[in-house]
Structure formats: C-alpha cells, structure tokens
file coords.pdb (PDB, C-alpha atoms and all ligand atoms)
ATOM      1  CA  MET A   1     -21.754  -2.806  -3.301
ATOM      2  CA  CYS A   2     -22.152  -4.415   0.106
ATOM      3  CA  PRO A   3     -20.755  -7.908   0.823
ATOM      4  CA  GLU A   4     -24.276  -9.330   0.949
ATOM      5  CA  LYS A   5     -24.872  -8.376  -2.700
ATOM      6  CA  ILE A   6     -21.635 -10.008  -3.797
ATOM      7  CA  MET A   7     -22.233 -13.168  -1.827
ATOM      8  CA  PRO A   8     -26.000 -13.471  -1.495
ATOM      9  CA  ASP A   9     -25.766 -16.971  -0.065
ATOM     10  CA  VAL A  10     -23.311 -16.107   2.692
ATOM     11  CA  THR A  11     -24.541 -16.903   6.160
ATOM     12  CA  PRO A  12     -22.685 -16.676   9.464
ATOM     13  CA  SER A  13     -22.024 -20.408   9.266
ATOM     14  CA  THR A  14     -20.457 -20.245   5.770
ATOM     15  CA  ILE A  15     -18.327 -17.267   6.820
ATOM     16  CA  ALA A  16     -17.133 -19.233   9.830
ATOM     17  CA  SER A  17     -16.210 -22.100   7.520
ATOM     18  CA  VAL A  18     -13.865 -20.061   5.297
ATOM     19  CA  PRO A  19     -10.572 -21.794   6.052
ATOM     20  CA  THR A  20      -7.501 -19.890   7.120
ATOM     21  CA  PRO A  21      -5.132 -19.683   4.139
ATOM     22  CA  ARG A  22      -1.791 -21.502   4.427
ATOM     23  CA  ARG A  23       0.057 -18.243   3.930
ATOM     24  CA  GLY A  24      -1.629 -14.875   4.234
ATOM     25  CA  PHE A  25      -2.294 -12.725   1.212
ATOM     26  CA  PHE A  26       0.085  -9.744   0.942
ATOM     27  CA  ILE A  27      -1.526  -6.583  -0.453
ATOM     28  CA  THR A  28       0.195  -3.228  -0.782
ATOM     29  CA  LEU A  29      -1.277   0.173  -1.635
ATOM     30  CA  GLU A  30       0.821   2.758  -3.427
ATOM     31  CA  GLY A  31       0.381   6.146  -5.005
ATOM     32  CA  GLY A  32       1.024   9.820  -4.500
ATOM     33  CA  GLU A  33       0.224  12.130  -1.657
ATOM     34  CA  GLY A  34      -3.445  12.184  -0.613
ATOM     35  CA  ALA A  35      -4.367   9.403  -3.061
ATOM     36  CA  GLY A  36      -6.567   7.712  -0.444
ATOM     37  CA  LYS A  37      -4.269   4.824   0.490
ATOM     38  CA  SER A  38      -4.905   4.947   4.246
ATOM     39  CA  THR A  39      -8.652   5.338   3.774
ATOM     40  CA  GLN A  40      -8.845   2.427   1.357
ATOM     41  CA  SER A  41      -6.463   0.167   3.334
ATOM     42  CA  HIS A  42      -8.831   0.442   6.233
ATOM     43  CA  ARG A  43     -11.958  -0.122   4.154
ATOM     44  CA  LEU A  44     -10.466  -3.158   2.450
ATOM     45  CA  ALA A  45      -9.376  -4.647   5.780
ATOM     46  CA  GLN A  46     -12.879  -4.230   7.182
ATOM     47  CA  ARG A  47     -14.427  -5.844   4.149
ATOM     48  CA  LEU A  48     -12.080  -8.827   4.141
ATOM     49  CA  ARG A  49     -12.801  -9.363   7.832
ATOM     50  CA  THR A  50     -16.481  -9.768   7.045
ATOM     51  CA  PHE A  51     -15.427 -12.849   5.064
ATOM     52  CA  GLY A  52     -13.772 -14.366   8.104
ATOM     53  CA  LEU A  53     -10.199 -13.535   7.111
ATOM     54  CA  HIS A  54      -7.697 -12.377   9.702
ATOM     55  CA  VAL A  55      -6.240  -9.089   8.502
ATOM     56  CA  GLN A  56      -3.279  -7.057   9.723
ATOM     57  CA  GLU A  57      -3.142  -3.404   8.635
ATOM     58  CA  THR A  58       0.285  -1.847   8.573
ATOM     59  CA  ARG A  59       2.237   0.957   6.887
ATOM     60  CA  GLU A  60       5.613   2.150   5.694
ATOM     61  CA  PRO A  61       7.766   3.692   6.754
ATOM     62  CA  GLY A  62       6.904   2.106  10.076
ATOM     63  CA  GLY A  63       4.884  -0.922  11.073
ATOM     64  CA  SER A  64       7.186  -2.115  13.890
ATOM     65  CA  PRO A  65       8.553  -0.182  16.883
ATOM     66  CA  ARG A  66      12.043   0.274  15.428
ATOM     67  CA  ALA A  67      10.703   1.143  11.963
ATOM     68  CA  GLU A  68       8.295   3.675  13.513
ATOM     69  CA  ALA A  69      11.298   5.334  15.192
ATOM     70  CA  LEU A  70      13.010   5.536  11.783
ATOM     71  CA  ARG A  71       9.779   6.955  10.285
ATOM     72  CA  LYS A  72      10.019   9.970  12.600
ATOM     73  CA  VAL A  73      13.574  10.661  11.478
ATOM     74  CA  LEU A  74      12.796  10.176   7.774
ATOM     75  CA  LEU A  75       9.680  12.348   7.688
ATOM     76  CA  SER A  76      11.298  15.086   9.765
ATOM     77  CA  GLY A  77      13.650  15.714   6.836
ATOM     78  CA  GLN A  78      16.788  15.242   8.959
ATOM     79  CA  VAL A  79      18.129  12.644   6.528
ATOM     80  CA  ALA A  80      17.345  14.660   3.385
ATOM     81  CA  SER A  81      20.667  16.492   3.548
ATOM     82  CA  LEU A  82      22.481  13.133   3.277
ATOM     83  CA  GLY A  83      20.867  12.616  -0.123
ATOM     84  CA  PRO A  84      18.323  10.200  -1.625
ATOM     85  CA  ALA A  85      20.686   7.188  -1.562
ATOM     86  CA  ALA A  86      21.044   7.536   2.207
ATOM     87  CA  GLU A  87      17.276   7.973   2.514
ATOM     88  CA  ALA A  88      16.747   4.815   0.445
ATOM     89  CA  LEU A  89      19.085   2.927   2.778
ATOM     90  CA  LEU A  90      17.141   4.089   5.830
ATOM     91  CA  PHE A  91      13.775   3.255   4.266
ATOM     92  CA  SER A  92      15.211  -0.184   3.492
ATOM     93  CA  ALA A  93      16.517  -0.611   7.038
ATOM     94  CA  ALA A  94      13.059   0.205   8.368
ATOM     95  CA  ARG A  95      11.595  -2.281   5.869
ATOM     96  CA  ILE A  96      13.909  -5.078   7.058
ATOM     97  CA  ASP A  97      12.651  -4.684  10.619
ATOM     98  CA  HIS A  98       9.035  -4.279   9.519
ATOM     99  CA  LEU A  99       9.200  -7.491   7.489
ATOM    100  CA  ASP A 100      10.961  -9.443  10.253
ATOM    101  CA  GLN A 101       8.813  -8.244  13.124
ATOM    102  CA  THR A 102       5.397  -7.767  11.559
ATOM    103  CA  ILE A 103       4.812  -8.838   7.964
ATOM    104  CA  ARG A 104       6.482 -12.254   7.722
ATOM    105  CA  PRO A 105       5.148 -13.572  11.040
ATOM    106  CA  ALA A 106       1.643 -12.466  10.074
ATOM    107  CA  LEU A 107       1.799 -14.051   6.608
ATOM    108  CA  ALA A 108       3.237 -17.247   8.064
ATOM    109  CA  GLY A 109       0.309 -17.377  10.467
ATOM    110  CA  GLY A 110      -2.176 -17.156   7.596
ATOM    111  CA  VAL A 111      -2.985 -13.496   8.238
ATOM    112  CA  THR A 112      -3.681 -11.242   5.256
ATOM    113  CA  VAL A 113      -1.413  -8.201   5.416
ATOM    114  CA  ILE A 114      -2.468  -4.847   3.952
ATOM    115  CA  CYS A 115       0.445  -2.438   3.834
ATOM    116  CA  ASP A 116       0.069   1.292   3.145
ATOM    117  CA  ARG A 117       3.173   1.889   0.957
ATOM    118  CA  PHE A 118       6.024  -0.581   0.458
ATOM    119  CA  ALA A 119       9.034  -1.088  -1.815
ATOM    120  CA  ASP A 120       7.454   0.624  -4.851
ATOM    121  CA  SER A 121       7.596   3.873  -2.877
ATOM    122  CA  THR A 122      11.381   3.522  -2.637
ATOM    123  CA  ARG A 123      11.547   2.832  -6.368
ATOM    124  CA  ALA A 124       9.441   5.921  -7.124
ATOM    125  CA  TYR A 125      10.564   8.490  -4.508
ATOM    126  CA  GLN A 126      14.245   7.630  -4.106
ATOM    127  CA  GLY A 127      14.802   5.806  -7.420
ATOM    128  CA  THR A 128      12.968   7.810 -10.066
ATOM    129  CA  LEU A 129      12.603  11.141  -8.287
ATOM    130  CA  GLY A 130      15.830  10.963  -6.298
ATOM    131  CA  ASN A 131      17.876   9.638  -9.244
ATOM    132  CA  VAL A 132      19.304   6.799  -7.204
ATOM    133  CA  ASP A 133      20.685   4.167  -9.573
ATOM    134  CA  THR A 134      18.099   1.503 -10.352
ATOM    135  CA  ARG A 135      20.661  -1.231  -9.698
ATOM    136  CA  LEU A 136      21.220   0.060  -6.185
ATOM    137  CA  ILE A 137      17.464   0.333  -5.541
ATOM    138  CA  ARG A 138      16.954  -3.240  -6.782
ATOM    139  CA  ALA A 139      19.899  -4.520  -4.728
ATOM    140  CA  MET A 140      18.446  -2.952  -1.563
ATOM    141  CA  GLU A 141      15.065  -4.447  -2.430
ATOM    142  CA  ARG A 142      16.581  -7.909  -2.824
ATOM    143  CA  VAL A 143      18.242  -7.624   0.586
ATOM    144  CA  ALA A 144      15.236  -6.151   2.408
ATOM    145  CA  VAL A 145      12.293  -7.842   0.704
ATOM    146  CA  GLY A 146      13.809 -11.059  -0.633
ATOM    147  CA  THR A 147      10.971 -13.324  -1.688
ATOM    148  CA  THR A 148       8.320 -11.553   0.396
ATOM    149  CA  THR A 149       6.948  -9.678  -2.590
ATOM    150  CA  PRO A 150       3.318  -8.508  -2.608
ATOM    151  CA  ASP A 151       0.678 -10.751  -4.158
ATOM    152  CA  LEU A 152      -1.176  -7.636  -5.255
ATOM    153  CA  THR A 153      -0.227  -3.964  -5.415
ATOM    154  CA  LEU A 154      -3.027  -1.437  -5.787
ATOM    155  CA  ILE A 155      -1.755   1.788  -7.311
ATOM    156  CA  LEU A 156      -4.161   4.598  -6.529
ATOM    157  CA  ASP A 157      -3.874   7.055  -9.363
ATOM    158  CA  LEU A 158      -5.095  10.633  -9.479
ATOM    159  CA  PRO A 159      -3.869  14.072 -10.596
ATOM    160  CA  ALA A 160      -1.149  15.402  -8.315
ATOM    161  CA  GLU A 161      -3.123  18.614  -7.758
ATOM    162  CA  THR A 162      -6.114  16.676  -6.422
ATOM    163  CA  GLY A 163      -4.014  14.600  -4.033
ATOM    164  CA  LEU A 164      -2.114  17.609  -2.717
ATOM    165  CA  ALA A 165      -5.364  19.544  -2.197
ATOM    166  CA  ARG A 166      -6.790  16.653  -0.192
ATOM    167  CA  ALA A 167      -3.639  16.406   1.910
ATOM    168  CA  ALA A 168      -3.679  20.164   2.545
ATOM    169  CA  ARG A 169      -7.337  20.096   3.645
ATOM    170  CA  ARG A 170      -6.611  17.300   6.097
ATOM    171  CA  ARG A 171      -3.350  18.698   7.501
ATOM    172  CA  THR A 172      -3.341  19.641  11.176
ATOM    173  CA  GLY A 173       0.405  19.862  11.876
ATOM    174  CA  ALA A 174       3.591  20.741  10.038
ATOM    175  CA  ILE A 175       4.149  19.828   6.378
ATOM    176  CA  ASP A 176       6.462  16.785   6.032
ATOM    177  CA  ARG A 177       9.630  16.371   3.986
ATOM    178  CA  PHE A 178       7.908  14.975   0.874
ATOM    179  CA  GLU A 179       4.782  17.147   0.979
ATOM    180  CA  ALA A 180       7.153  20.109   0.745
ATOM    181  CA  GLU A 181       8.239  19.123  -2.798
ATOM    182  CA  ASP A 182       6.773  21.140  -5.706
ATOM    183  CA  LEU A 183       3.986  20.188  -8.114
ATOM    184  CA  SER A 184       6.366  18.932 -10.840
ATOM    185  CA  PHE A 185       7.802  16.456  -8.300
ATOM    186  CA  HIS A 186       4.337  15.090  -7.536
ATOM    187  CA  ARG A 187       3.426  14.885 -11.238
ATOM    188  CA  ALA A 188       6.616  12.937 -11.950
ATOM    189  CA  LEU A 189       5.794  10.714  -8.990
ATOM    190  CA  ARG A 190       2.432   9.854 -10.498
ATOM    191  CA  ASN A 191       4.115   8.847 -13.764
ATOM    192  CA  SER A 192       6.664   6.772 -11.905
ATOM    193  CA  PHE A 193       3.943   4.713 -10.194
ATOM    194  CA  LEU A 194       2.177   4.253 -13.541
ATOM    195  CA  ASP A 195       5.459   3.038 -15.059
ATOM    196  CA  ILE A 196       5.858   0.514 -12.246
ATOM    197  CA  ALA A 197       2.316  -0.738 -12.879
ATOM    198  CA  ALA A 198       2.949  -1.029 -16.626
ATOM    199  CA  ALA A 199       6.163  -2.963 -16.031
ATOM    200  CA  GLU A 200       4.532  -5.468 -13.647
ATOM    201  CA  PRO A 201       0.929  -5.926 -14.765
ATOM    202  CA  ARG A 202       0.523  -9.269 -13.008
ATOM    203  CA  ARG A 203       1.270  -7.814  -9.583
ATOM    204  CA  CYS A 204      -0.048  -4.264 -10.002
ATOM    205  CA  ARG A 205      -3.517  -2.889 -10.615
ATOM    206  CA  VAL A 206      -4.063   0.801 -11.299
ATOM    207  CA  ILE A 207      -7.141   2.093  -9.507
ATOM    208  CA  ASP A 208      -8.727   5.423 -10.406
ATOM    209  CA  GLY A 209      -8.428   7.311  -7.119
ATOM    210  CA  ASP A 210     -10.167  10.399  -8.473
ATOM    211  CA  GLN A 211     -13.707   9.240  -7.764
ATOM    212  CA  PRO A 212     -15.911   9.014  -4.689
ATOM    213  CA  GLN A 213     -14.549   6.829  -1.889
ATOM    214  CA  ASP A 214     -17.244   4.165  -2.352
ATOM    215  CA  ASP A 215     -16.378   3.803  -6.036
ATOM    216  CA  VAL A 216     -12.671   3.525  -5.283
ATOM    217  CA  ALA A 217     -13.454   0.862  -2.668
ATOM    218  CA  GLU A 218     -15.531  -1.037  -5.203
ATOM    219  CA  ALA A 219     -12.778  -0.964  -7.846
ATOM    220  CA  ILE A 220     -10.316  -2.205  -5.241
ATOM    221  CA  TRP A 221     -12.659  -4.964  -4.204
ATOM    222  CA  HIS A 222     -12.951  -6.216  -7.795
ATOM    223  CA  ALA A 223      -9.152  -6.257  -8.125
ATOM    224  CA  VAL A 224      -8.807  -8.154  -4.853
ATOM    225  CA  GLU A 225     -11.486 -10.656  -5.831
ATOM    226  CA  ASP A 226      -9.688 -11.287  -9.126
ATOM    227  CA  ARG A 227      -6.412 -11.882  -7.377
ATOM    228  CA  LEU A 228      -7.892 -13.955  -4.584
ATOM    229  CA  LEU A 229      -9.263 -16.245  -7.238
ATOM    230  CA  ALA A 230      -6.134 -16.116  -9.399
ATOM    231  CA  VAL A 231      -3.877 -16.979  -6.478
ATOM    232  CA  GLU A 232      -5.699 -20.296  -6.439
ATOM    233  CA  HIS A 233      -7.526 -22.129  -3.777
ATOM    234  CA  ARG A 234      -5.565 -20.848  -0.796
ATOM    235  CA  TYR A 235      -8.807 -19.092  -0.060
ATOM    236  CA  ALA A 236     -11.617 -21.541  -0.548
ATOM    237  CA  LEU A 237     -14.179 -18.807  -1.052
ATOM    238  CA  PRO A 238     -17.795 -19.927  -1.050
ATOM    239  CA  PRO A 239     -19.412 -20.963  -4.399
ATOM    240  CA  ALA A 240     -20.764 -17.480  -5.267
ATOM    241  CA  HIS A 241     -17.153 -16.372  -5.694
ATOM    242  CA  THR A 242     -15.864 -19.297  -7.667
ATOM    243  CA  ALA A 243     -18.750 -19.572 -10.141
TER
HETATM  244  N1  LIG A 301       8.347   7.297   1.334
HETATM  245  C1  LIG A 301       9.507   7.265   0.580
HETATM  246  O1  LIG A 301       9.993   8.305   0.136
HETATM  247  N2  LIG A 301      10.116   6.079   0.353
HETATM  248  C2  LIG A 301       9.643   4.903   0.838
HETATM  249  O2  LIG A 301      10.240   3.840   0.613
HETATM  250  C3  LIG A 301       8.416   4.950   1.612
HETATM  251  C4  LIG A 301       7.818   6.164   1.833
HETATM  252  C5  LIG A 301       7.841   3.688   2.162
HETATM  253  C6  LIG A 301       5.152   8.748   4.011
HETATM  254  O3  LIG A 301       4.289   9.727   4.403
HETATM  255  C7  LIG A 301       6.134   9.434   3.078
HETATM  256  O4  LIG A 301       7.304   8.631   2.950
HETATM  257  C8  LIG A 301       5.535   9.535   1.717
HETATM  258  C9  LIG A 301       6.472   8.793   0.804
HETATM  259  C10 LIG A 301       7.700   8.578   1.597
HETATM  260  N3  LIG A 301       5.501  10.846   1.222
HETATM  261  N4  LIG A 301       4.829  11.781   1.535
HETATM  262  N5  LIG A 301       4.346  12.765   1.730
HETATM  263  P1  LIG A 301       2.864   9.505   4.982
HETATM  264  O5  LIG A 301       2.632   8.079   5.274
HETATM  265  O6  LIG A 301       2.680  10.484   6.078
HETATM  266  O7  LIG A 301       1.990  10.052   3.764
HETATM  267  P2  LIG A 301       1.355   9.354   2.516
HETATM  268  O8  LIG A 301       1.774   7.935   2.420
HETATM  269  O9  LIG A 301       1.576  10.189   1.329
HETATM  270  O10 LIG A 301      -0.164   9.316   2.892
HETATM  271  P3  LIG A 301      -1.241  10.439   2.922
HETATM  272  O11 LIG A 301      -0.784  11.771   2.531
HETATM  273  O12 LIG A 301      -1.862  10.326   4.268
HETATM  274  O13 LIG A 301      -2.221  10.027   1.798
HETATM  275  P4  LIG A 301      -3.159   8.774   1.625
HETATM  276  O14 LIG A 301      -2.995   7.766   2.704
HETATM  277  O15 LIG A 301      -2.969   8.314   0.259
HETATM  278  O16 LIG A 301      -4.617   9.407   1.736
HETATM  279  P5  LIG A 301      -5.723   9.351   2.906
HETATM  280  O17 LIG A 301      -5.080   9.683   4.220
HETATM  281  O18 LIG A 301      -6.509   8.120   2.818
HETATM  282  O19 LIG A 301      -6.657  10.534   2.413
HETATM  283  C11 LIG A 301      -6.200  11.868   2.411
HETATM  284  C12 LIG A 301      -7.424  12.805   2.585
HETATM  285  O20 LIG A 301      -8.251  12.677   1.437
HETATM  286  C13 LIG A 301      -8.286  12.443   3.792
HETATM  287  O21 LIG A 301      -8.811  13.609   4.331
HETATM  288  C14 LIG A 301      -9.407  11.584   3.184
HETATM  289  O22 LIG A 301     -10.584  11.650   3.905
HETATM  290  C15 LIG A 301      -9.553  12.223   1.819
HETATM  291  N6  LIG A 301      -9.970  11.271   0.793
HETATM  292  C16 LIG A 301      -9.605   9.961   0.661
HETATM  293  N7  LIG A 301     -10.174   9.398  -0.413
HETATM  294  C17 LIG A 301     -10.943  10.354  -0.986
HETATM  295  C18 LIG A 301     -11.785  10.386  -2.152
HETATM  296  N8  LIG A 301     -11.964   9.314  -2.925
HETATM  297  N9  LIG A 301     -12.398  11.535  -2.447
HETATM  298  C19 LIG A 301     -12.226  12.656  -1.671
HETATM  299  N10 LIG A 301     -11.447  12.698  -0.550
HETATM  300  C20 LIG A 301     -10.804  11.560  -0.221
END
call {"tool": "encode", "arguments": {"input": "coords.pdb", "output": "structure tokens"}}
result
Amino acid sequence: MCPEKIMPDVTPSTIASVPTPRRGFFITLEGGEGAGKSTQSHRLAQRLRTFGLHVQETREPGGSPRAEALRKVLLSGQVASLGPAAEALLFSAARIDHLDQTIRPALAGGVTVICDRFADSTRAYQGTLGNVDTRLIRAMERVAVGTTTPDLTLILDLPAETGLARAARRRTGAIDRFEAEDLSFHRALRNSFLDIAAAEPRRCRVIDGDQPQDDVAEAIWHAVEDRLLAVEHRYALPPAHTA
C-alpha cells in the first residue's frame, strides 16, 4: 500500500508540520542470512522519510569508521580461531563505538535510526550458536548497549534454505565467515531469533520474510505504525493515523 492510501488526507503542508520527535525512534532488523534485512531497512527508511521524519540507516557490525574496520576483521574469519567469546567481545567493541559515534547522537537529535542487525545477533550467533554463556552475553550487552535498547525489533523469519539460496544468488565475492556454516547452523539460528521474539514480545515483531518484497514491506509498515502509536505522542502523526 502506498503512503497516500494510508494517509489520504496528507498534503505537503501536513507532512511539513509533523514535529521532530524529542528522541528518535530506534528500530532494528534481525534474522538469518538473506532474510531481506538490508532491502527492508532501506524501504522502511524511504517510507518514513515521506512522512517528514529524519532517518539514519546504519548496520552492524559497522556503522562508524572504527566499527567498519572491525567488521572487516570479523567477517574475514580471522577472529574465528579465537572462539565465539572473543568474537562476541569484538562485536561488542564495535557496538560501543557505533552507539557512541552514530546511534546515540542521532537519537538525541530526534533522528529515527534503522539498524540492520544489533545486539540480538550477538545473542543468537555467539550466544546460542556459539555456546557463549548467556550471563556473559548479557553482561557485554549491558556494557555496550546500556539503556539504548531498540524501541522495535523486526525479526524477518524464513526457512534457512530460502535465505541461503537468496544470498548465494546475490553473491559476487568470497563467502564470509558465517555464510560458510552448514544448514543445521542456519536452522538453529532461525529458532534462536524466534526464541528471542517469544521472550520479548513487546519489543519484537516476527515478520514473515518468505513472501514478495512488497508484502514484507507492508507487514513491516503495520508493525511500525503500531509501535509509533504505542510509543505515545512523540510522533504527533496526523489524524488519519491516530483515529
Ligand atoms: N554477526 C554476528 O555474528 N554477531 C553480531 O553481533 C552481529 C553480526 C551484529 C554480518 O554479515 C554477519 O555478522 C552476519 C551475522 C554476523 N552473518 N552472516 N552471514 P552481513 O551484514 O554481510 O550479512 P547479513 O546481515 O546476513 O545480511 P545479508 O546476507 O545481506 O542478508 P539480508 O540483508 O537479510 O538480505 P538482503 O541483502 O536484503 O537480500 C538478500 C537477497 O535477497 C538480495 O538479492 C535481495 O534482492 C533478495 N531479496 C530480499 N527480499 C526478498 C524477497 N522478499 N523475496 C525474494 N528475494 C528477496
């Protein structure tokens, strides 16, 4: 559905009057390989911009110059031999810089941040799949993330086979450290994300990623609308949204 159908009474002047929120809305997208996170992050950002919101798209690992440097090391597989606990520490170090340099300043300036992967990926990849003790994962999360937890996490869910096939079709260069894992790893990963969603239903929404891109975008939009309204009046959306 296009924005005009959702908000039939929106005009350029009402869009211009949507006030900047006091603190930006923090949205993360999670899920397995090839789930469509990057595609949908971009689509959601574009759609929110049509409502006059300032949106920053970012990703993990990465999102700041120092974190992008760590991304190269992590995805090259050089750290894998040190074990998943060491990987979790490096992902967390990258996250600390990303939050300090990019996410927190944007949120403080009223910018909505859409982040392609965040702390749930550490819980799933290094915690569940890497068998790193949950207490250690949570301790790292407390240090890195603190109170900057997402307002909404969209978990794109689809069969591991489908995601891997998509990723393989798109691939132009070498396979990365996590793509190289076998099918059972990716199936367990899917279950881990679903467990996270079940444990935190207020923050997380599971989105069926195994449907055409437009339908996925629509499901995401409904989830975002719900949360925008639920997170109160920070966004004074025009009457069509609040009715
Ligand atoms: N990792 C970790 O272990 N611990 C952590 O704490 C963090 C990360 C933060 C990052 O790699 C890796 O780091 C990741 C986890 C680990 N593991 N891996 N691999 P990355 O950023 O390079 O890769 P990714 O996050 O898995 O993203 P991806 O493979 O690019 O997938 P995606 O972003 O979900 O999908 P996409 O790029 O939007 O779409 C993939 C293809 O499918 C593309 O050609 C699209 O056009 C197509 N597509 C998208 N949607 C559809 C639909 N609906 N139908 C058909 N085709 C579609």
call {"tool": "residues_around", "arguments": {"input": "coords.pdb", "residues": "Val132 in chain A", "least_positions_apart": "3", "cutoff": "12 Å", "atoms": "all atoms listed in the file", "output": "PyMOL selection string"}}
result
chain A and resi 83-89+122-129+135-140
call {"tool": "resolve_selection", "arguments": {"input": "coords.pdb", "expression": "the PyMOL selection byres (((chain A and resi 203) around 8) and not hetatm)", "output": "VMD selection string"}}
result
chain A and resid 150 to 153 197 200 to 202 204 to 205
call {"tool": "resolve_selection", "arguments": {"input": "coords.pdb", "expression": "the PyMOL selection byres (((chain A and resi 158) around 12) and not hetatm)", "output": "PyMOL selection string"}}
result
chain A and resi 30-37+155-157+159-166+186-187+189-191+193-194+206-212+216
call {"tool": "residues_around", "arguments": {"input": "coords.pdb", "residues": "Thr58 in chain A", "least_positions_apart": "3", "cutoff": "7 Å", "atoms": "only C-alpha atoms", "output": "VMD selection string"}}
result
chain A and resid 63 114 to 116
call {"tool": "residues_around", "arguments": {"input": "coords.pdb", "residues": "range 42-55 of chain A", "least_positions_apart": "2", "cutoff": "6 Å", "atoms": "all atoms listed in the file", "output": "list in words"}}
result
Ile15, Thr39, Gln40, Val111, Thr112 and Val113 of chain A
call {"tool": "atom_distance", "arguments": {"input": "coords.pdb", "atom1": "CA of Ala174 in chain A", "atom2": "CA of Ser76 in chain A"}}
result
9.6 Å
call {"tool": "axis_aligned_box", "arguments": {"input": "coords.pdb", "around": "ligand LIG 301 (chain A)", "padding_each_side": "5 Å", "output": "AutoDock Vina command-line options"}}
result
--center_x -1.1 --center_y 8.6 --center_z 1.6 --size_x 32.6 --size_y 19.9 --size_z 19.0
call {"tool": "atom_distance", "arguments": {"input": "coords.pdb", "atom1": "atom P1 of ligand LIG 301 (chain A)", "atom2": "CA of Ala167 in chain A"}}
result
10.0 Å
call {"tool": "closest_residue", "arguments": {"input": "coords.pdb", "among": "A:Glu57, A:Asp100, A:Glu68, A:Asp176", "to": "ligand LIG 301 (chain A)", "atoms": "all atoms listed in the file"}}
result
A:Asp176
call {"tool": "atom_distance", "arguments": {"input": "coords.pdb", "atom1": "CA of Arg117 in chain A", "atom2": "atom P3 of ligand LIG 301 (chain A)"}}
result
9.8 Å
call {"tool": "closest_residue", "arguments": {"input": "coords.pdb", "among": "A:Thr172, A:Gln101, A:Ser184, A:Thr149", "to": "ligand LIG 301 (chain A)", "atoms": "only C-alpha atoms and all ligand atoms"}}
result
A:Thr172
call {"tool": "closest_residue", "arguments": {"input": "coords.pdb", "among": "A:Asp195, A:Asp97, A:Asp182, A:Asp215", "to": "ligand LIG 301 (chain A)", "atoms": "all atoms listed in the file"}}
result
A:Asp215
call {"tool": "resolve_selection", "arguments": {"input": "coords.pdb", "expression": "the PyMOL selection byres (((chain A and resi 73) around 12) and not hetatm)", "output": "count of residues only"}}
result
22
call {"tool": "closest_residue", "arguments": {"input": "coords.pdb", "among": "A:Leu183, A:Ala108, A:Leu99, A:Ala168", "to": "Gly24 in chain A", "atoms": "only C-alpha atoms"}}
result
A:Ala108
call {"tool": "build_atoms", "arguments": {"input": "coords.pdb", "residues": "range 181-199 of chain A", "atoms": "N, CA and C atoms", "output": "compact mmCIF listing (two decimals), in the coordinates of the input"}}
result
# COMPACT_ATOMS: atom_id res chain seq x y z
N GLU A 181 7.75 19.09 -1.41
CA GLU A 181 8.24 19.12 -2.80
C GLU A 181 7.22 19.84 -3.70
N ASP A 182 7.69 20.36 -4.85
CA ASP A 182 6.77 21.14 -5.71
C ASP A 182 5.89 20.25 -6.59
N LEU A 183 4.99 20.92 -7.32
CA LEU A 183 3.99 20.19 -8.11
C LEU A 183 4.64 19.29 -9.17
N SER A 184 5.73 19.75 -9.79
CA SER A 184 6.37 18.93 -10.84
C SER A 184 6.88 17.62 -10.23
N PHE A 185 7.36 17.68 -8.99
CA PHE A 185 7.80 16.46 -8.30
C PHE A 185 6.63 15.47 -8.19
N HIS A 186 5.48 15.97 -7.76
CA HIS A 186 4.34 15.09 -7.54
C HIS A 186 3.75 14.57 -8.85
N ARG A 187 3.87 15.37 -9.92
CA ARG A 187 3.43 14.88 -11.24
C ARG A 187 4.36 13.77 -11.72
N ALA A 188 5.64 13.96 -11.54
CA ALA A 188 6.62 12.94 -11.95
C ALA A 188 6.42 11.67 -11.13
N LEU A 189 6.05 11.86 -9.88
CA LEU A 189 5.79 10.71 -8.99
C LEU A 189 4.64 9.86 -9.52
N ARG A 190 3.59 10.56 -9.94
CA ARG A 190 2.43 9.85 -10.50
C ARG A 190 2.87 9.00 -11.68
N ASN A 191 3.66 9.59 -12.59
CA ASN A 191 4.12 8.85 -13.76
C ASN A 191 4.99 7.66 -13.37
N SER A 192 5.79 7.86 -12.33
CA SER A 192 6.66 6.77 -11.90
C SER A 192 5.85 5.56 -11.43
N PHE A 193 4.79 5.83 -10.65
CA PHE A 193 3.94 4.71 -10.19
C PHE A 193 3.24 4.05 -11.39
N LEU A 194 2.83 4.85 -12.36
CA LEU A 194 2.18 4.25 -13.54
C LEU A 194 3.17 3.40 -14.34
N ASP A 195 4.43 3.84 -14.38
CA ASP A 195 5.46 3.04 -15.06
C ASP A 195 5.68 1.71 -14.34
N ILE A 196 5.68 1.76 -13.02
CA ILE A 196 5.86 0.51 -12.25
C ILE A 196 4.72 -0.45 -12.57
N ALA A 197 3.49 0.11 -12.59
CA ALA A 197 2.32 -0.74 -12.88
C ALA A 197 2.41 -1.34 -14.28
N ALA A 198 2.86 -0.53 -15.24
CA ALA A 198 2.95 -1.03 -16.63
C ALA A 198 4.02 -2.12 -16.74
N ALA A 199 5.07 -1.98 -15.95
CA ALA A 199 6.16 -2.96 -16.03
C ALA A 199 5.80 -4.28 -15.34
